[in-house]
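To start, the structure under review is shown below, and the notes come after it.
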Amino acid sequence: MTIICQQLSKSFGDPPVQIIHPLELQVSDGEFVSISGMSGSGKSTLLYLMSTLDTPSSGQLLIDDVDPAAMSVDALHRFRGESIGFVFQFHYLLPELTALENVLLPARRWHRHQEKLPWALELLERFDIVSERDKRPSQLSGGQQQRVAIVRALMMRPRYLFADEPTGNLDSINSKVVMDFLKQASREWRMTLVLVTHEPEYAAMADREIFLRDGSIVEERLHSG
């Protein structure tokens, strides 16, 4: 199970402005990769391409030797729902649902919410927000909302987790809790983790750190431990 980018590129606008220049990248099964770079370097754009949330202007993305662009809409939705977790800079919680109901949404889609309830509560406990499970997003702090969103992304134990600045709304203590858990989950579940971050400390937690500049990979650095 791997992610392969073959001459992947992305342009926006008319006339087109190239945000991601043709690049080659492979992420191995269970690998934790961080993407670093200055603002505007294309980090989030690359993450969205790799996570199937956006389509490339040219080149090809392969996940498990399958091109998501060749999937039917239903097949792609099922693949995302069963195999991919997303964490964004903004939490995107449904305001009318409680924290627990938001967390269980991915399981409810497959009618597995009752089965997954103990796991949801375990994760909420792990992130120190189980006491807030019956509150709606408007009753939670920004950091609590982000932790709920992270738990939701982990709900189905995805094979792939894509995280775009997941600690952006968290204080330093909760940021470390989140990053330590994500790294542990990647190891224990053999979950492939691709992280966009501007924090050097968290980028260095990855097995491999990729540096972008102006939409091109300019350096890769291996980390141990």
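Numbering starts fresh at 1 for the residues of each chain in the structure tokens, the chains themselves are lettered A, B, ... in the order given, and ligands are numbered from 1 as they appear.
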
Just want the 8 Å neighbourhood of segment 8-10 of chain A, counted on only C-alpha atoms, with same-chain residues fewer than 4 positions away dropped. Output as a PDB file with N, CA and C atoms, in the first residue's frame.
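Writing done, so here's selection23.pdb:
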```pdb
ATOM      1  N   GLN A  18       1.025  28.107 -12.027  1.00  0.00           N
ATOM      2  CA  GLN A  18       1.409  26.789 -11.537  1.00  0.00           C
ATOM      3  C   GLN A  18       1.789  26.877 -10.057  1.00  0.00           C
ATOM      4  N   ILE A  19       1.038  26.157  -9.225  1.00  0.00           N
ATOM      5  CA  ILE A  19       1.281  26.134  -7.780  1.00  0.00           C
ATOM      6  C   ILE A  19       2.179  24.964  -7.410  1.00  0.00           C
ATOM      7  N   ILE A  20       1.911  23.810  -8.008  1.00  0.00           N
ATOM      8  CA  ILE A  20       2.766  22.634  -7.825  1.00  0.00           C
ATOM      9  C   ILE A  20       3.394  22.289  -9.162  1.00  0.00           C
ATOM     10  N   HIS A  21       4.711  22.328  -9.211  1.00  0.00           N
ATOM     11  CA  HIS A  21       5.426  21.963 -10.421  1.00  0.00           C
ATOM     12  C   HIS A  21       5.556  20.439 -10.482  1.00  0.00           C
ATOM     13  N   PRO A  22       5.678  19.875 -11.676  1.00  0.00           N
ATOM     14  CA  PRO A  22       5.721  18.412 -11.789  1.00  0.00           C
ATOM     15  C   PRO A  22       6.727  17.798 -10.812  1.00  0.00           C
ATOM     16  N   LEU A  23       6.229  16.931  -9.948  1.00  0.00           N
ATOM     17  CA  LEU A  23       7.105  16.338  -8.943  1.00  0.00           C
ATOM     18  C   LEU A  23       6.872  14.840  -8.830  1.00  0.00           C
ATOM     19  N   GLU A  24       7.894  14.178  -8.334  1.00  0.00           N
ATOM     20  CA  GLU A  24       7.858  12.737  -8.084  1.00  0.00           C
ATOM     21  C   GLU A  24       7.975  12.520  -6.573  1.00  0.00           C
ATOM     22  N   THR A  45      -1.729  22.546  -0.947  1.00  0.00           N
ATOM     23  CA  THR A  45      -2.157  22.111  -2.284  1.00  0.00           C
ATOM     24  C   THR A  45      -1.682  20.698  -2.559  1.00  0.00           C
ATOM     25  N   THR A  55      -7.878  17.380  -7.753  1.00  0.00           N
ATOM     26  CA  THR A  55      -7.352  16.619  -8.881  1.00  0.00           C
ATOM     27  C   THR A  55      -6.175  17.362  -9.504  1.00  0.00           C
ATOM     28  N   PRO A  56      -5.164  16.645  -9.960  1.00  0.00           N
ATOM     29  CA  PRO A  56      -3.996  17.295 -10.552  1.00  0.00           C
ATOM     30  C   PRO A  56      -4.307  17.878 -11.919  1.00  0.00           C
ATOM     31  N   SER A  57      -3.557  18.905 -12.286  1.00  0.00           N
ATOM     32  CA  SER A  57      -3.661  19.469 -13.638  1.00  0.00           C
ATOM     33  C   SER A  57      -2.962  18.575 -14.646  1.00  0.00           C
ATOM     34  N   SER A  58      -1.913  17.902 -14.202  1.00  0.00           N
ATOM     35  CA  SER A  58      -1.221  16.932 -15.043  1.00  0.00           C
ATOM     36  C   SER A  58      -0.519  15.946 -14.133  1.00  0.00           C
ATOM     37  N   GLY A  59      -0.054  14.846 -14.729  1.00  0.00           N
ATOM     38  CA  GLY A  59       0.567  13.811 -13.936  1.00  0.00           C
ATOM     39  C   GLY A  59      -0.468  12.864 -13.367  1.00  0.00           C
ATOM     40  N   GLN A  60      -0.037  12.002 -12.485  1.00  0.00           N
ATOM     41  CA  GLN A  60      -0.919  10.956 -11.966  1.00  0.00           C
ATOM     42  C   GLN A  60      -0.637  10.687 -10.500  1.00  0.00           C
ATOM     43  N   LEU A  61      -1.716  10.423  -9.763  1.00  0.00           N
ATOM     44  CA  LEU A  61      -1.636   9.970  -8.375  1.00  0.00           C
ATOM     45  C   LEU A  61      -2.094   8.521  -8.333  1.00  0.00           C
TER      46      LEU A  61
END
```

Practice prompt. From a DSSP calculation on the backbone, collect every residue of segment 152-222 of chain A in alpha helix (DSSP H) and output the set as a PyMOL selection string.
Written response: chain A and resi 152-154+172-188+200-203

With N, CA and C atoms retained, export the selected residues as a PDB file, in the first residue's frame.
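So part.pdb came out as:
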```
ATOM      1  N   ARG A 152     -12.549  12.490  15.298  1.00  0.00           N
ATOM      2  CA  ARG A 152     -13.432  12.085  14.194  1.00  0.00           C
ATOM      3  C   ARG A 152     -12.616  11.491  13.041  1.00  0.00           C
ATOM      4  N   ALA A 153     -11.474  12.110  12.738  1.00  0.00           N
ATOM      5  CA  ALA A 153     -10.638  11.624  11.645  1.00  0.00           C
ATOM      6  C   ALA A 153     -10.057  10.243  11.936  1.00  0.00           C
ATOM      7  N   LEU A 154      -9.882   9.920  13.215  1.00  0.00           N
ATOM      8  CA  LEU A 154      -9.309   8.640  13.614  1.00  0.00           C
ATOM      9  C   LEU A 154     -10.364   7.566  13.859  1.00  0.00           C
ATOM     10  N   SER A 172       0.471  24.494  23.496  1.00  0.00           N
ATOM     11  CA  SER A 172       1.655  23.644  23.350  1.00  0.00           C
ATOM     12  C   SER A 172       1.460  22.278  24.004  1.00  0.00           C
ATOM     13  N   ILE A 173       0.767  22.236  25.143  1.00  0.00           N
ATOM     14  CA  ILE A 173       0.569  20.956  25.838  1.00  0.00           C
ATOM     15  C   ILE A 173      -0.307  20.030  25.010  1.00  0.00           C
ATOM     16  N   ASN A 174      -1.459  20.546  24.535  1.00  0.00           N
ATOM     17  CA  ASN A 174      -2.360  19.704  23.746  1.00  0.00           C
ATOM     18  C   ASN A 174      -1.774  19.388  22.369  1.00  0.00           C
ATOM     19  N   SER A 175      -0.968  20.293  21.827  1.00  0.00           N
ATOM     20  CA  SER A 175      -0.301  20.015  20.558  1.00  0.00           C
ATOM     21  C   SER A 175       0.598  18.794  20.684  1.00  0.00           C
ATOM     22  N   LYS A 176       1.337  18.728  21.792  1.00  0.00           N
ATOM     23  CA  LYS A 176       2.228  17.579  21.987  1.00  0.00           C
ATOM     24  C   LYS A 176       1.433  16.297  22.184  1.00  0.00           C
ATOM     25  N   VAL A 177       0.314  16.372  22.912  1.00  0.00           N
ATOM     26  CA  VAL A 177      -0.540  15.191  23.092  1.00  0.00           C
ATOM     27  C   VAL A 177      -1.011  14.671  21.742  1.00  0.00           C
ATOM     28  N   VAL A 178      -1.483  15.589  20.908  1.00  0.00           N
ATOM     29  CA  VAL A 178      -1.997  15.208  19.587  1.00  0.00           C
ATOM     30  C   VAL A 178      -0.890  14.605  18.733  1.00  0.00           C
ATOM     31  N   MET A 179       0.261  15.254  18.667  1.00  0.00           N
ATOM     32  CA  MET A 179       1.336  14.780  17.805  1.00  0.00           C
ATOM     33  C   MET A 179       1.900  13.445  18.294  1.00  0.00           C
ATOM     34  N   ASP A 180       2.030  13.291  19.601  1.00  0.00           N
ATOM     35  CA  ASP A 180       2.513  12.019  20.134  1.00  0.00           C
ATOM     36  C   ASP A 180       1.541  10.896  19.788  1.00  0.00           C
ATOM     37  N   PHE A 181       0.240  11.175  19.894  1.00  0.00           N
ATOM     38  CA  PHE A 181      -0.752  10.131  19.593  1.00  0.00           C
ATOM     39  C   PHE A 181      -0.757   9.800  18.111  1.00  0.00           C
ATOM     40  N   LEU A 182      -0.681  10.817  17.252  1.00  0.00           N
ATOM     41  CA  LEU A 182      -0.679  10.554  15.812  1.00  0.00           C
ATOM     42  C   LEU A 182       0.529   9.704  15.415  1.00  0.00           C
ATOM     43  N   LYS A 183       1.690  10.009  15.983  1.00  0.00           N
ATOM     44  CA  LYS A 183       2.886   9.220  15.666  1.00  0.00           C
ATOM     45  C   LYS A 183       2.729   7.796  16.173  1.00  0.00           C
ATOM     46  N   GLN A 184       2.183   7.656  17.393  1.00  0.00           N
ATOM     47  CA  GLN A 184       1.967   6.324  17.950  1.00  0.00           C
ATOM     48  C   GLN A 184       0.963   5.536  17.106  1.00  0.00           C
ATOM     49  N   ALA A 185      -0.115   6.199  16.688  1.00  0.00           N
ATOM     50  CA  ALA A 185      -1.135   5.528  15.871  1.00  0.00           C
ATOM     51  C   ALA A 185      -0.550   5.083  14.541  1.00  0.00           C
ATOM     52  N   SER A 186       0.302   5.921  13.973  1.00  0.00           N
ATOM     53  CA  SER A 186       0.938   5.560  12.712  1.00  0.00           C
ATOM     54  C   SER A 186       1.744   4.285  12.863  1.00  0.00           C
ATOM     55  N   ARG A 187       2.462   4.169  13.973  1.00  0.00           N
ATOM     56  CA  ARG A 187       3.294   2.985  14.214  1.00  0.00           C
ATOM     57  C   ARG A 187       2.422   1.764  14.533  1.00  0.00           C
ATOM     58  N   GLU A 188       1.488   1.917  15.480  1.00  0.00           N
ATOM     59  CA  GLU A 188       0.727   0.768  15.965  1.00  0.00           C
ATOM     60  C   GLU A 188      -0.250   0.243  14.915  1.00  0.00           C
ATOM     61  N   PRO A 200       8.799  23.296  13.168  1.00  0.00           N
ATOM     62  CA  PRO A 200       9.956  22.418  12.957  1.00  0.00           C
ATOM     63  C   PRO A 200       9.989  21.229  13.919  1.00  0.00           C
ATOM     64  N   GLU A 201       9.549  21.446  15.153  1.00  0.00           N
ATOM     65  CA  GLU A 201       9.578  20.372  16.152  1.00  0.00           C
ATOM     66  C   GLU A 201       8.682  19.205  15.722  1.00  0.00           C
ATOM     67  N   TYR A 202       7.507  19.528  15.168  1.00  0.00           N
ATOM     68  CA  TYR A 202       6.582  18.463  14.775  1.00  0.00           C
ATOM     69  C   TYR A 202       6.979  17.857  13.432  1.00  0.00           C
ATOM     70  N   ALA A 203       7.517  18.674  12.542  1.00  0.00           N
ATOM     71  CA  ALA A 203       7.998  18.141  11.266  1.00  0.00           C
ATOM     72  C   ALA A 203       9.101  17.115  11.495  1.00  0.00           C
TER      73      ALA A 203
END
```

Item to complete: Please report, as a ChimeraX atom specification, each residue of segment 10-132 of chain A to which DSSP assigns strand (DSSP E) when run on this structure's backbone.
Response: /A:10-12,17-27,32-36,58-63,84-87

Deliver the residues from the most recent selection as a file, using N, CA and C atoms, as a PDB file, in the first residue's frame.
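Printed below is out.pdb as written:
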```
ATOM      1  N   LYS A  10      -0.139  21.084 -10.346  1.00  0.00           N
ATOM      2  CA  LYS A  10      -1.427  21.757 -10.160  1.00  0.00           C
ATOM      3  C   LYS A  10      -1.297  23.221 -10.520  1.00  0.00           C
ATOM      4  N   SER A  11      -2.237  23.695 -11.338  1.00  0.00           N
ATOM      5  CA  SER A  11      -2.307  25.102 -11.711  1.00  0.00           C
ATOM      6  C   SER A  11      -3.694  25.631 -11.405  1.00  0.00           C
ATOM      7  N   PHE A  12      -3.766  26.929 -11.147  1.00  0.00           N
ATOM      8  CA  PHE A  12      -5.034  27.591 -10.887  1.00  0.00           C
ATOM      9  C   PHE A  12      -5.118  28.853 -11.746  1.00  0.00           C
ATOM     10  N   VAL A  17      -1.710  29.698 -13.259  1.00  0.00           N
ATOM     11  CA  VAL A  17      -0.513  29.910 -12.444  1.00  0.00           C
ATOM     12  C   VAL A  17      -0.172  28.569 -11.805  1.00  0.00           C
ATOM     13  N   GLN A  18       1.025  28.107 -12.027  1.00  0.00           N
ATOM     14  CA  GLN A  18       1.409  26.789 -11.537  1.00  0.00           C
ATOM     15  C   GLN A  18       1.789  26.877 -10.057  1.00  0.00           C
ATOM     16  N   ILE A  19       1.038  26.157  -9.225  1.00  0.00           N
ATOM     17  CA  ILE A  19       1.281  26.134  -7.780  1.00  0.00           C
ATOM     18  C   ILE A  19       2.179  24.964  -7.410  1.00  0.00           C
ATOM     19  N   ILE A  20       1.911  23.810  -8.008  1.00  0.00           N
ATOM     20  CA  ILE A  20       2.766  22.634  -7.825  1.00  0.00           C
ATOM     21  C   ILE A  20       3.394  22.289  -9.162  1.00  0.00           C
ATOM     22  N   HIS A  21       4.711  22.328  -9.211  1.00  0.00           N
ATOM     23  CA  HIS A  21       5.426  21.963 -10.421  1.00  0.00           C
ATOM     24  C   HIS A  21       5.556  20.439 -10.482  1.00  0.00           C
ATOM     25  N   PRO A  22       5.678  19.875 -11.676  1.00  0.00           N
ATOM     26  CA  PRO A  22       5.721  18.412 -11.789  1.00  0.00           C
ATOM     27  C   PRO A  22       6.727  17.798 -10.812  1.00  0.00           C
ATOM     28  N   LEU A  23       6.229  16.931  -9.948  1.00  0.00           N
ATOM     29  CA  LEU A  23       7.105  16.338  -8.943  1.00  0.00           C
ATOM     30  C   LEU A  23       6.872  14.840  -8.830  1.00  0.00           C
ATOM     31  N   GLU A  24       7.894  14.178  -8.334  1.00  0.00           N
ATOM     32  CA  GLU A  24       7.858  12.737  -8.084  1.00  0.00           C
ATOM     33  C   GLU A  24       7.975  12.520  -6.573  1.00  0.00           C
ATOM     34  N   LEU A  25       7.083  11.687  -6.045  1.00  0.00           N
ATOM     35  CA  LEU A  25       7.095  11.430  -4.605  1.00  0.00           C
ATOM     36  C   LEU A  25       6.440  10.089  -4.339  1.00  0.00           C
ATOM     37  N   GLN A  26       7.035   9.312  -3.455  1.00  0.00           N
ATOM     38  CA  GLN A  26       6.441   8.041  -3.045  1.00  0.00           C
ATOM     39  C   GLN A  26       6.425   7.977  -1.527  1.00  0.00           C
ATOM     40  N   VAL A  27       5.283   7.594  -0.973  1.00  0.00           N
ATOM     41  CA  VAL A  27       5.125   7.425   0.470  1.00  0.00           C
ATOM     42  C   VAL A  27       4.804   5.963   0.723  1.00  0.00           C
ATOM     43  N   PHE A  32       5.422   7.889   8.092  1.00  0.00           N
ATOM     44  CA  PHE A  32       5.009   9.204   8.596  1.00  0.00           C
ATOM     45  C   PHE A  32       5.878  10.235   7.875  1.00  0.00           C
ATOM     46  N   VAL A  33       5.232  11.029   7.022  1.00  0.00           N
ATOM     47  CA  VAL A  33       5.927  12.038   6.228  1.00  0.00           C
ATOM     48  C   VAL A  33       5.398  13.417   6.582  1.00  0.00           C
ATOM     49  N   SER A  34       6.286  14.357   6.812  1.00  0.00           N
ATOM     50  CA  SER A  34       5.883  15.744   7.036  1.00  0.00           C
ATOM     51  C   SER A  34       6.276  16.584   5.828  1.00  0.00           C
ATOM     52  N   ILE A  35       5.452  17.595   5.551  1.00  0.00           N
ATOM     53  CA  ILE A  35       5.701  18.525   4.449  1.00  0.00           C
ATOM     54  C   ILE A  35       5.891  19.914   5.040  1.00  0.00           C
ATOM     55  N   SER A  36       7.056  20.479   4.820  1.00  0.00           N
ATOM     56  CA  SER A  36       7.404  21.785   5.379  1.00  0.00           C
ATOM     57  C   SER A  36       7.677  22.769   4.254  1.00  0.00           C
ATOM     58  N   SER A  58      -1.913  17.902 -14.202  1.00  0.00           N
ATOM     59  CA  SER A  58      -1.221  16.932 -15.043  1.00  0.00           C
ATOM     60  C   SER A  58      -0.519  15.946 -14.133  1.00  0.00           C
ATOM     61  N   GLY A  59      -0.054  14.846 -14.729  1.00  0.00           N
ATOM     62  CA  GLY A  59       0.567  13.811 -13.936  1.00  0.00           C
ATOM     63  C   GLY A  59      -0.468  12.864 -13.367  1.00  0.00           C
ATOM     64  N   GLN A  60      -0.037  12.002 -12.485  1.00  0.00           N
ATOM     65  CA  GLN A  60      -0.919  10.956 -11.966  1.00  0.00           C
ATOM     66  C   GLN A  60      -0.637  10.687 -10.500  1.00  0.00           C
ATOM     67  N   LEU A  61      -1.716  10.423  -9.763  1.00  0.00           N
ATOM     68  CA  LEU A  61      -1.636   9.970  -8.375  1.00  0.00           C
ATOM     69  C   LEU A  61      -2.094   8.521  -8.333  1.00  0.00           C
ATOM     70  N   LEU A  62      -1.307   7.663  -7.704  1.00  0.00           N
ATOM     71  CA  LEU A  62      -1.691   6.270  -7.515  1.00  0.00           C
ATOM     72  C   LEU A  62      -1.699   5.956  -6.022  1.00  0.00           C
ATOM     73  N   ILE A  63      -2.782   5.361  -5.554  1.00  0.00           N
ATOM     74  CA  ILE A  63      -2.884   4.888  -4.180  1.00  0.00           C
ATOM     75  C   ILE A  63      -3.205   3.397  -4.259  1.00  0.00           C
ATOM     76  N   ILE A  84      -9.488   6.707   4.392  1.00  0.00           N
ATOM     77  CA  ILE A  84      -8.788   7.983   4.523  1.00  0.00           C
ATOM     78  C   ILE A  84      -9.399   8.822   5.649  1.00  0.00           C
ATOM     79  N   GLY A  85      -8.522   9.400   6.454  1.00  0.00           N
ATOM     80  CA  GLY A  85      -8.940  10.370   7.458  1.00  0.00           C
ATOM     81  C   GLY A  85      -8.351  11.726   7.116  1.00  0.00           C
ATOM     82  N   PHE A  86      -9.097  12.788   7.422  1.00  0.00           N
ATOM     83  CA  PHE A  86      -8.657  14.150   7.117  1.00  0.00           C
ATOM     84  C   PHE A  86      -8.721  15.005   8.386  1.00  0.00           C
ATOM     85  N   VAL A  87      -7.683  15.801   8.589  1.00  0.00           N
ATOM     86  CA  VAL A  87      -7.706  16.834   9.635  1.00  0.00           C
ATOM     87  C   VAL A  87      -7.310  18.139   8.966  1.00  0.00           C
TER      88      VAL A  87
END
```

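For the pair atom CA of Ser41 of chain A and atom CA of Val196 of chain A, the separation is 11.3 Å.
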
Item to complete: Would you please work out which residue, of A:Met155, A:Ile150, A:Ala163, A:Leu193, is nearest to Leu93 of chain A when using only C-alpha atoms?
Response: A:Ile150

Discussion item. I want to know what sits within 8 Å of Glu96 of chain A, based on only C-alpha atoms, with residues of the same chain fewer than 2 positions away left out; could you give that as a list in words?
Written reply: Leu94, Thr98 and Arg136 of chain A
